[in-house]
file entry17.csv (CSV, C-alpha atoms)
chain,number,residue,atom,x,y,z
A,23,MET,CA,29.6,2.5,-36.4
A,24,ARG,CA,31.9,5.2,-35.0
A,25,LYS,CA,31.1,8.9,-34.9
A,26,ILE,CA,33.6,11.5,-33.6
A,27,LYS,CA,32.9,15.2,-33.1
A,28,GLU,CA,35.4,17.7,-32.0
A,29,LEU,CA,33.4,20.3,-29.9
A,30,SER,CA,34.7,23.5,-28.5
A,31,ASN,CA,35.2,22.1,-25.0
A,32,PHE,CA,35.6,18.3,-25.5
A,33,SER,CA,35.7,15.4,-28.0
A,34,LEU,CA,32.5,13.4,-28.4
A,35,VAL,CA,32.8,9.8,-29.5
A,36,ILE,CA,29.7,7.6,-30.2
A,37,ILE,CA,30.1,4.0,-31.1
A,38,LYS,CA,27.2,1.7,-31.9
A,39,ASP,CA,27.7,-2.1,-32.0
A,40,PRO,CA,31.5,-1.8,-31.4
A,41,GLY,CA,34.1,-4.2,-32.8
A,42,ALA,CA,37.6,-5.0,-31.7
A,43,ASP,CA,39.1,-2.2,-33.7
A,44,ASP,CA,36.8,0.4,-32.0
A,45,PHE,CA,37.9,-0.8,-28.6
A,46,ASP,CA,41.5,-0.7,-29.7
A,47,PHE,CA,41.0,2.9,-30.9
A,48,ILE,CA,39.4,4.0,-27.6
A,49,GLU,CA,42.0,2.2,-25.5
A,50,ASN,CA,44.9,3.7,-27.3
A,51,LYS,CA,43.7,7.2,-27.8
A,52,TYR,CA,41.8,7.9,-24.6
A,53,LYS,CA,43.6,5.4,-22.3
A,54,ILE,CA,40.4,3.6,-21.3
A,55,ASN,CA,41.0,0.3,-19.4
A,56,LYS,CA,40.3,-2.7,-21.5
A,57,SER,CA,38.5,-4.4,-18.6
A,58,ASP,CA,36.0,-1.5,-18.5
A,59,LEU,CA,35.5,-1.8,-22.3
A,60,ASP,CA,34.9,-5.6,-22.0
A,61,GLU,CA,32.0,-4.9,-19.8
A,62,PHE,CA,30.0,-4.2,-22.9
A,63,TYR,CA,30.0,-7.9,-23.7
A,64,VAL,CA,28.2,-8.8,-20.4
A,65,PRO,CA,24.6,-9.3,-21.5
A,66,TYR,CA,23.0,-7.6,-18.5
A,67,HIS,CA,24.2,-5.0,-16.0
A,68,SER,CA,22.6,-3.1,-13.2
A,69,SER,CA,23.4,0.6,-13.4
A,70,ASP,CA,26.9,1.2,-12.0
A,71,TYR,CA,29.7,3.6,-12.0
A,72,ASP,CA,33.4,3.8,-11.1
A,73,ILE,CA,36.1,6.4,-10.9
A,74,ARG,CA,39.4,5.8,-12.7
A,75,LYS,CA,42.5,7.9,-12.6
A,76,ASN,CA,41.8,9.8,-15.8
A,77,TYR,CA,38.1,9.3,-16.4
A,78,SER,CA,34.7,8.4,-15.0
A,79,TYR,CA,32.9,5.2,-16.0
A,80,LEU,CA,29.1,4.9,-15.9
A,81,ILE,CA,26.7,2.1,-17.0
A,82,LEU,CA,23.0,2.9,-17.2
A,83,THR,CA,20.2,0.4,-17.8
A,84,ILE,CA,17.3,1.9,-19.7
A,85,PRO,CA,13.8,0.2,-19.8
A,86,LYS,CA,12.0,0.1,-23.1
A,87,ILE,CA,8.4,-1.0,-24.0
A,88,LYS,CA,7.8,-3.6,-26.7
A,89,LYS,CA,4.2,-4.4,-27.5
A,90,LEU,CA,3.3,-8.1,-28.0
A,91,GLN,CA,0.2,-7.8,-30.3
A,92,LYS,CA,-0.8,-11.5,-30.2
A,93,GLU,CA,-0.8,-11.6,-26.4
A,94,GLU,CA,-2.1,-8.1,-25.8
A,95,VAL,CA,0.7,-7.3,-23.3
A,96,GLU,CA,3.8,-5.2,-23.1
A,97,LEU,CA,7.3,-6.5,-22.7
A,98,PHE,CA,9.8,-4.4,-20.9
A,99,GLU,CA,13.2,-4.7,-22.5
A,100,ILE,CA,16.5,-3.5,-20.9
A,101,GLU,CA,19.2,-1.6,-22.8
A,102,ASN,CA,22.7,-1.0,-21.4
A,103,ILE,CA,24.5,2.2,-22.3
A,104,TYR,CA,28.1,2.8,-21.4
A,105,PHE,CA,29.7,6.2,-20.8
A,106,TYR,CA,33.4,7.0,-20.3
A,107,PHE,CA,34.2,10.7,-19.8
A,108,SER,CA,36.6,13.2,-18.4
A,109,LYS,CA,36.9,17.0,-18.9
A,110,THR,CA,38.3,16.5,-22.4
A,111,PHE,CA,36.3,13.7,-23.9
A,112,PHE,CA,32.9,12.0,-23.7
A,113,ILE,CA,32.6,8.4,-25.1
A,114,ILE,CA,29.2,6.6,-25.5
A,115,ILE,CA,29.0,2.9,-26.4
A,116,CYS,CA,25.7,1.3,-27.2
A,117,ASP,CA,23.8,-1.4,-29.2
A,118,ARG,CA,23.0,-0.8,-32.8
A,119,ASN,CA,19.3,-0.2,-32.1
A,120,SER,CA,19.9,2.4,-29.5
A,121,ASN,CA,18.7,6.0,-30.1
A,122,VAL,CA,21.2,7.6,-27.8
A,123,ASP,CA,23.1,9.0,-30.8
A,124,GLU,CA,19.9,10.8,-31.9
A,125,ILE,CA,19.5,12.2,-28.3
A,126,ALA,CA,23.1,13.4,-28.4
A,127,GLU,CA,22.6,15.1,-31.7
A,128,SER,CA,19.5,16.9,-30.4
A,129,ILE,CA,21.4,18.3,-27.5
A,130,LEU,CA,24.3,19.5,-29.7
A,131,GLU,CA,21.7,21.3,-31.9
A,132,SER,CA,20.4,23.3,-29.0
A,133,LYS,CA,21.6,26.9,-28.2
A,134,GLU,CA,23.5,25.7,-25.2
A,135,SER,CA,25.8,23.4,-27.1
A,136,LEU,CA,28.6,26.1,-27.4
A,137,ILE,CA,29.0,26.3,-23.7
A,138,LEU,CA,28.5,22.6,-22.8
A,139,ASN,CA,31.1,20.8,-20.8
A,140,THR,CA,31.2,17.1,-20.2
A,141,GLU,CA,29.4,17.2,-16.9
A,142,LYS,CA,26.5,19.3,-18.2
A,143,PHE,CA,26.4,17.2,-21.4
A,144,SER,CA,26.2,14.0,-19.3
A,145,TYR,CA,23.4,15.4,-17.3
A,146,GLN,CA,21.4,16.4,-20.3
A,147,ILE,CA,21.8,13.1,-22.1
A,148,ILE,CA,21.0,11.1,-18.9
A,149,LYS,CA,17.9,13.3,-18.3
A,150,LYS,CA,16.6,12.6,-21.8
A,151,LEU,CA,17.3,8.9,-21.4
A,152,PHE,CA,15.4,9.0,-18.1
A,153,SER,CA,12.2,10.1,-20.0
A,154,ASN,CA,11.9,6.4,-20.9
A,155,PHE,CA,11.1,5.7,-17.3
A,156,TYR,CA,8.0,8.0,-17.5
A,157,GLU,CA,6.8,6.2,-20.6
A,158,VAL,CA,7.0,2.9,-18.8
A,159,LEU,CA,5.3,4.3,-15.7
A,160,LYS,CA,2.6,5.7,-18.0
A,161,THR,CA,2.0,2.2,-19.4
A,162,ILE,CA,1.8,0.7,-15.9
A,163,THR,CA,-0.6,3.5,-14.8
A,164,GLN,CA,-2.9,3.0,-17.8
A,165,ASN,CA,-3.1,-0.8,-17.3
A,166,VAL,CA,-3.8,-0.6,-13.5
A,167,ASP,CA,-6.4,2.2,-13.9
A,168,TYR,CA,-8.2,0.2,-16.7
A,169,TRP,CA,-8.2,-3.0,-14.6
A,170,GLU,CA,-9.5,-1.3,-11.5
A,171,LYS,CA,-12.4,0.4,-13.4
A,172,ASN,CA,-13.4,-2.6,-15.5
A,173,PHE,CA,-12.6,-5.5,-13.1
A,174,ARG,CA,-16.2,-6.9,-13.0
A,175,ASN,CA,-16.5,-6.9,-16.8
A,176,LEU,CA,-13.3,-8.5,-17.7
A,177,ASN,CA,-12.5,-12.2,-18.3
A,178,LEU,CA,-10.8,-13.3,-15.1
A,179,GLU,CA,-8.6,-15.9,-16.7
A,180,LYS,CA,-7.2,-13.5,-19.3
A,181,LEU,CA,-6.9,-10.7,-16.8
A,182,ASN,CA,-5.0,-13.0,-14.4
A,183,TYR,CA,-2.5,-13.8,-17.2
A,184,GLN,CA,-2.0,-10.1,-18.0
A,185,ILE,CA,-1.6,-9.2,-14.3
A,186,SER,CA,1.0,-11.8,-13.9
A,187,PHE,CA,2.9,-10.5,-16.9
A,188,LEU,CA,2.8,-6.9,-15.7
A,189,ARG,CA,3.8,-7.9,-12.2
A,190,LYS,CA,6.9,-9.5,-13.5
A,191,ASN,CA,7.7,-6.5,-15.7
A,192,THR,CA,7.1,-4.0,-12.9
A,193,ILE,CA,9.4,-5.9,-10.6
A,194,ILE,CA,12.1,-5.7,-13.3
A,195,PHE,CA,11.4,-2.0,-13.7
A,196,GLU,CA,11.6,-1.5,-10.0
A,197,THR,CA,15.0,-3.2,-9.9
A,198,VAL,CA,16.3,-1.0,-12.7
A,199,ILE,CA,15.2,2.2,-10.8
A,200,LYS,CA,16.7,0.9,-7.6
A,201,SER,CA,20.1,0.6,-9.3
A,202,TRP,CA,19.8,4.2,-10.5
A,203,ILE,CA,19.0,5.4,-7.0
A,204,ASP,CA,22.1,3.6,-5.7
A,205,VAL,CA,24.3,5.1,-8.3
A,206,PHE,CA,23.1,8.7,-8.1
A,207,THR,CA,22.8,8.7,-4.3
A,208,GLU,CA,26.5,7.9,-4.2
A,209,ILE,CA,27.3,10.5,-6.9
A,210,THR,CA,25.5,13.2,-5.0
A,211,GLU,CA,26.8,12.3,-1.5
A,212,LYS,CA,30.4,11.7,-2.4
A,213,ASN,CA,30.9,14.7,-4.6
A,214,LEU,CA,32.8,12.6,-7.2
A,215,PRO,CA,35.0,13.9,-10.0
A,216,ASN,CA,33.2,14.9,-13.2
A,217,PHE,CA,29.9,15.1,-11.1
A,218,ARG,CA,30.8,17.9,-8.7
A,219,LYS,CA,30.4,21.2,-10.6
A,220,TYR,CA,26.6,21.1,-10.8
A,221,PRO,CA,25.5,19.2,-7.6
A,222,PHE,CA,22.0,20.7,-7.8
A,223,LEU,CA,21.4,19.0,-11.2
A,224,TRP,CA,22.3,15.6,-9.9
A,225,THR,CA,20.2,16.2,-6.7
A,226,SER,CA,17.2,17.1,-8.9
A,227,LEU,CA,17.6,14.0,-11.0
A,228,LEU,CA,17.8,11.8,-7.9
A,229,ASP,CA,14.5,13.4,-6.7
A,230,GLU,CA,12.9,12.4,-10.0
A,231,ILE,CA,14.3,8.8,-9.8
A,232,SER,CA,13.0,8.5,-6.2
A,233,TYR,CA,9.6,9.7,-7.2
A,234,ILE,CA,9.3,7.1,-10.0
A,235,TYR,CA,10.5,4.4,-7.5
A,236,ASN,CA,7.9,5.3,-5.0
A,237,LYS,CA,5.1,5.3,-7.6
A,238,VAL,CA,6.2,1.9,-8.9
A,239,ASP,CA,6.3,0.5,-5.3
A,240,ASP,CA,2.7,1.8,-4.9
A,241,TYR,CA,1.6,0.2,-8.2
A,242,LEU,CA,3.2,-3.2,-7.2
A,243,ARG,CA,0.9,-3.1,-4.1
A,244,ILE,CA,-2.1,-2.3,-6.2
A,245,ILE,CA,-1.2,-5.1,-8.7
A,246,GLU,CA,-0.8,-7.6,-5.8
A,247,GLY,CA,-4.3,-6.5,-4.5
A,248,ILE,CA,-5.9,-7.0,-7.9
A,249,SER,CA,-4.2,-10.3,-8.3
A,250,ARG,CA,-5.5,-11.5,-4.9
A,251,SER,CA,-9.0,-10.3,-5.9
A,252,ILE,CA,-8.8,-12.3,-9.2
A,253,GLU,CA,-7.7,-15.4,-7.4
A,254,THR,CA,-10.5,-15.1,-4.8
A,255,ASN,CA,-13.1,-14.7,-7.5
A,256,LEU,CA,-11.8,-17.6,-9.5
A,257,SER,CA,-11.8,-19.7,-6.3
A,258,ILE,CA,-15.4,-18.7,-5.6
A,259,LYS,CA,-16.3,-19.6,-9.2
A,260,ILE,CA,-14.7,-23.0,-8.9
A,261,ASN,CA,-16.3,-23.7,-5.5
A,262,LYS,CA,-19.7,-22.8,-6.9
A,263,ASN,CA,-19.3,-25.3,-9.7
A,264,ILE,CA,-18.1,-28.0,-7.3
A,265,ILE,CA,-21.1,-27.3,-5.1
A,266,LEU,CA,-23.5,-27.6,-8.0
A,267,VAL,CA,-22.0,-30.9,-9.2
A,268,THR,CA,-22.1,-32.2,-5.6
A,269,ILE,CA,-25.8,-31.2,-5.2
A,270,ILE,CA,-26.7,-32.9,-8.5
A,271,GLN,CA,-24.8,-36.1,-7.5
A,272,THR,CA,-26.3,-36.1,-4.0
A,273,VAL,CA,-29.9,-35.6,-5.4
A,274,PHE,CA,-29.6,-38.6,-7.7
A,275,LEU,CA,-28.1,-40.9,-5.1
A,276,PRO,CA,-31.4,-42.0,-3.4
A,277,PRO,CA,-33.2,-42.8,-6.8
A,278,THR,CA,-30.1,-44.6,-7.9
A,279,LEU,CA,-30.1,-46.7,-4.7
A,280,ILE,CA,-33.8,-47.6,-5.0
A,281,ALA,CA,-33.4,-48.5,-8.7
A,282,SER,CA,-30.4,-50.6,-7.9
A,283,ILE,CA,-32.2,-52.5,-5.1
A,284,TYR,CA,-35.3,-53.1,-7.2
A,285,GLY,CA,-33.2,-54.2,-10.1
A,286,MET,CA,-31.9,-57.2,-8.1
A,287,ASN,CA,-33.3,-60.6,-9.0
A,288,ILE,CA,-34.8,-61.3,-5.6
A,289,LYS,CA,-38.2,-60.9,-4.0
A,290,LEU,CA,-38.9,-57.4,-2.8
A,291,PRO,CA,-41.9,-55.6,-1.2
A,292,ILE,CA,-44.6,-54.6,-3.7
A,293,ALA,CA,-42.4,-55.8,-6.6
A,294,GLU,CA,-45.1,-58.1,-7.8
A,295,LYS,CA,-47.9,-55.5,-7.6
A,296,SER,CA,-49.2,-53.7,-10.8
A,297,TYR,CA,-48.9,-50.3,-9.1
A,298,ALA,CA,-45.2,-50.9,-8.0
A,299,PHE,CA,-43.7,-48.8,-10.8
A,300,ILE,CA,-46.0,-45.8,-10.0
A,301,VAL,CA,-45.3,-46.0,-6.3
A,302,LEU,CA,-41.5,-46.2,-6.7
A,303,ILE,CA,-41.4,-43.4,-9.3
A,304,THR,CA,-43.6,-41.2,-7.0
A,305,PHE,CA,-41.3,-42.0,-4.0
A,306,MET,CA,-38.2,-41.2,-6.1
A,307,ILE,CA,-39.6,-37.8,-7.2
A,308,ILE,CA,-40.7,-36.8,-3.7
A,309,PHE,CA,-37.4,-37.9,-2.2
A,310,THR,CA,-35.4,-36.1,-4.9
A,311,ILE,CA,-37.4,-32.8,-4.4
A,312,LEU,CA,-36.9,-32.9,-0.6
A,313,THR,CA,-33.2,-33.7,-0.9
A,314,TRP,CA,-32.8,-30.8,-3.5
A,315,LYS,CA,-34.5,-28.3,-1.2
A,316,ILE,CA,-32.5,-29.3,1.9
A,317,LEU,CA,-29.2,-29.0,0.0
A,318,ILE,CA,-30.0,-25.7,-1.6
A,319,LYS,CA,-31.1,-24.3,1.8
A,320,LYS,CA,-27.8,-25.4,3.4
A,321,SER,CA,-25.7,-24.1,0.6
A,322,GLU,CA,-27.3,-20.7,1.0
call {"tool": "encode", "arguments": {"input": "entry17.csv", "output": "structure tokens"}}
result
Amino acid sequence: MRKIKELSNFSLVIIKDPGADDFDFIENKYKINKSDLDEFYVPYHSSDYDIRKNYSYLILTIPKIKKLQKEEVELFEIENIYFYFSKTFFIIICDRNSNVDEIAESILESKESLILNTEKFSYQIIKKLFSNFYEVLKTITQNVDYWEKNFRNLNLEKLNYQISFLRKNTIIFETVIKSWIDVFTEITEKNLPNFRKYPFLWTSLLDEISYIYNKVDDYLRIIEGISRSIETNLSIKINKNIILVTIIQTVFLPPTLIASIYGMNIKLPIAEKSYAFIVLITFMIIFTILTWKILIKKSE
């Protein structure tokens, strides 16, 4: 789907789920390198940028949350959005499920749309896309806070699975943020074309990205701590079960030995006596009780 809008200061082109004819149109009309357009077919990118002779080329990776109801966990998906822009045009290429076209429309409906240039438009659309990062951070925060407050009341096996899932997602999220930091650090430091008219805007955005990155790094440490606590508690639980089984087996070893000996078809002390059964049972009970007390005392 291709949308073209001729604004007062530049042409806006939005293409969702592009085909070969869309790329031919962009290549011929706006002189975009075919190799840059072909990047769309690469399934996953880190955020990146490049400066060409007549345009700037920017790829941004955007995290999204997908709830998995059956497993009661969230899945972080990654969307790639591609921008090609100069002073006279602004091109957006994205997947069919992207809402970037809605974001662009909302910006154009604002009062500032009449005085927008491509740099300010790029900042506004990137800033709105960046709001997804706060949604993901909010999800991580809610999960971590809940687990910290209810740690003792939760099923450890289930919690361990959820923690492992969130740790994986958070590492992916941190990687995405790191790529944003790399891109916008270079943009702010090098004063690049199409990014140099409003340096304070890009510096402000970089500060926000750095804030999210630091928060995520803190949460990763907390998640690791919770995970270690879970593993410790599970290990203690398993050890207690092993100790209990060991005590039971040890307690019944002496009676089993005595019963095995007196079950042999040979002459044994008091085996012929009428009171033999009572003596042996009494001895077994006393020995069992003494063994149990000694093991329990040592295990404490």
call {"tool": "closest_residue", "arguments": {"input": "entry17.csv", "among": "A:Ile194, A:Met23, A:Leu82, A:Ile248", "to": "Asp39 of chain A", "atoms": "all atoms listed in the file"}}
result
A:Met23
call {"tool": "residues_around", "arguments": {"input": "entry17.csv", "residues": "segment 199-207 of chain A", "least_positions_apart": "5", "cutoff": "7 Å", "atoms": "all atoms listed in the file", "output": "number ranges by chain"}}
result
A: 68-71, 228, 231-232, 235
call {"tool": "residues_around", "arguments": {"input": "entry17.csv", "residues": "segment 211-222 of chain A", "least_positions_apart": "4", "cutoff": "8 Å", "atoms": "all atoms listed in the file", "output": "list of chain:residue names"}}
result
A:Ile73, A:Ser78, A:Phe107, A:Ser108, A:Lys109, A:Thr140, A:Glu141, A:Lys142, A:Thr207, A:Ser226
call {"tool": "closest_residue", "arguments": {"input": "entry17.csv", "among": "A:Leu138, A:Val198, A:Ile300, A:Leu312", "to": "Tyr66 of chain A", "atoms": "all atoms listed in the file"}}
result
A:Val198
call {"tool": "closest_residue", "arguments": {"input": "entry17.csv", "among": "A:Trp314, A:Tyr183, A:Phe274, A:Tyr297", "to": "Ser249 of chain A", "atoms": "all atoms listed in the file"}}
result
A:Tyr183
call {"tool": "atom_distance", "arguments": {"input": "entry17.csv", "atom1": "atom CA of Phe45 of chain A", "atom2": "atom CA of Leu80 of chain A"}}
result
16.5 Å
call {"tool": "closest_residue", "arguments": {"input": "entry17.csv", "among": "A:Ile87, A:Ile209, A:Leu34, A:Ile280", "to": "Trp224 of chain A", "atoms": "all atoms listed in the file"}}
result
A:Ile209
call {"tool": "atom_distance", "arguments": {"input": "entry17.csv", "atom1": "atom CA of Phe47 of chain A", "atom2": "atom CA of Ile115 of chain A"}}
result
12.8 Å
call {"tool": "residues_around", "arguments": {"input": "entry17.csv", "residues": "Ile103 of chain A", "least_positions_apart": "3", "cutoff": "9 Å", "atoms": "all atoms listed in the file", "output": "PyMOL selection string"}}
result
chain A and resi 62+80-84+114-117+120+122
call {"tool": "closest_residue", "arguments": {"input": "entry17.csv", "among": "A:Asn287, A:Thr163, A:Glu208, A:Ile316", "to": "Asp72 of chain A", "atoms": "only C-alpha atoms"}}
result
A:Glu208
call {"tool": "closest_residue", "arguments": {"input": "entry17.csv", "among": "A:Asn172, A:Ser153, A:Ser57, A:Ser33", "to": "Ile113 of chain A", "atoms": "all atoms listed in the file"}}
result
A:Ser33
call {"tool": "atom_distance", "arguments": {"input": "entry17.csv", "atom1": "atom CA of Thr210 of chain A", "atom2": "atom CA of Phe143 of chain A"}}
result
16.9 Å
call {"tool": "residues_around", "arguments": {"input": "entry17.csv", "residues": "Phe111 of chain A", "least_positions_apart": "6", "cutoff": "10 Å", "atoms": "only C-alpha atoms", "output": "PyMOL selection string"}}
result
chain A and resi 27-29+31-35+52+77+139-140
call {"tool": "residues_near_point", "arguments": {"input": "entry17.csv", "point": "(24.9, 16.7, -34.0)", "cutoff": "12 Å", "atoms": "all atoms listed in the file", "output": "ChimeraX atom specification"}}
result
/A:25-29,34-36,122-132,135
call {"tool": "residues_around", "arguments": {"input": "entry17.csv", "residues": "Asn154 of chain A", "least_positions_apart": "5", "cutoff": "10 Å", "atoms": "all atoms listed in the file", "output": "JSON, numbers by chain"}}
result
{"A": [84, 85, 86, 87, 149, 159, 160]}
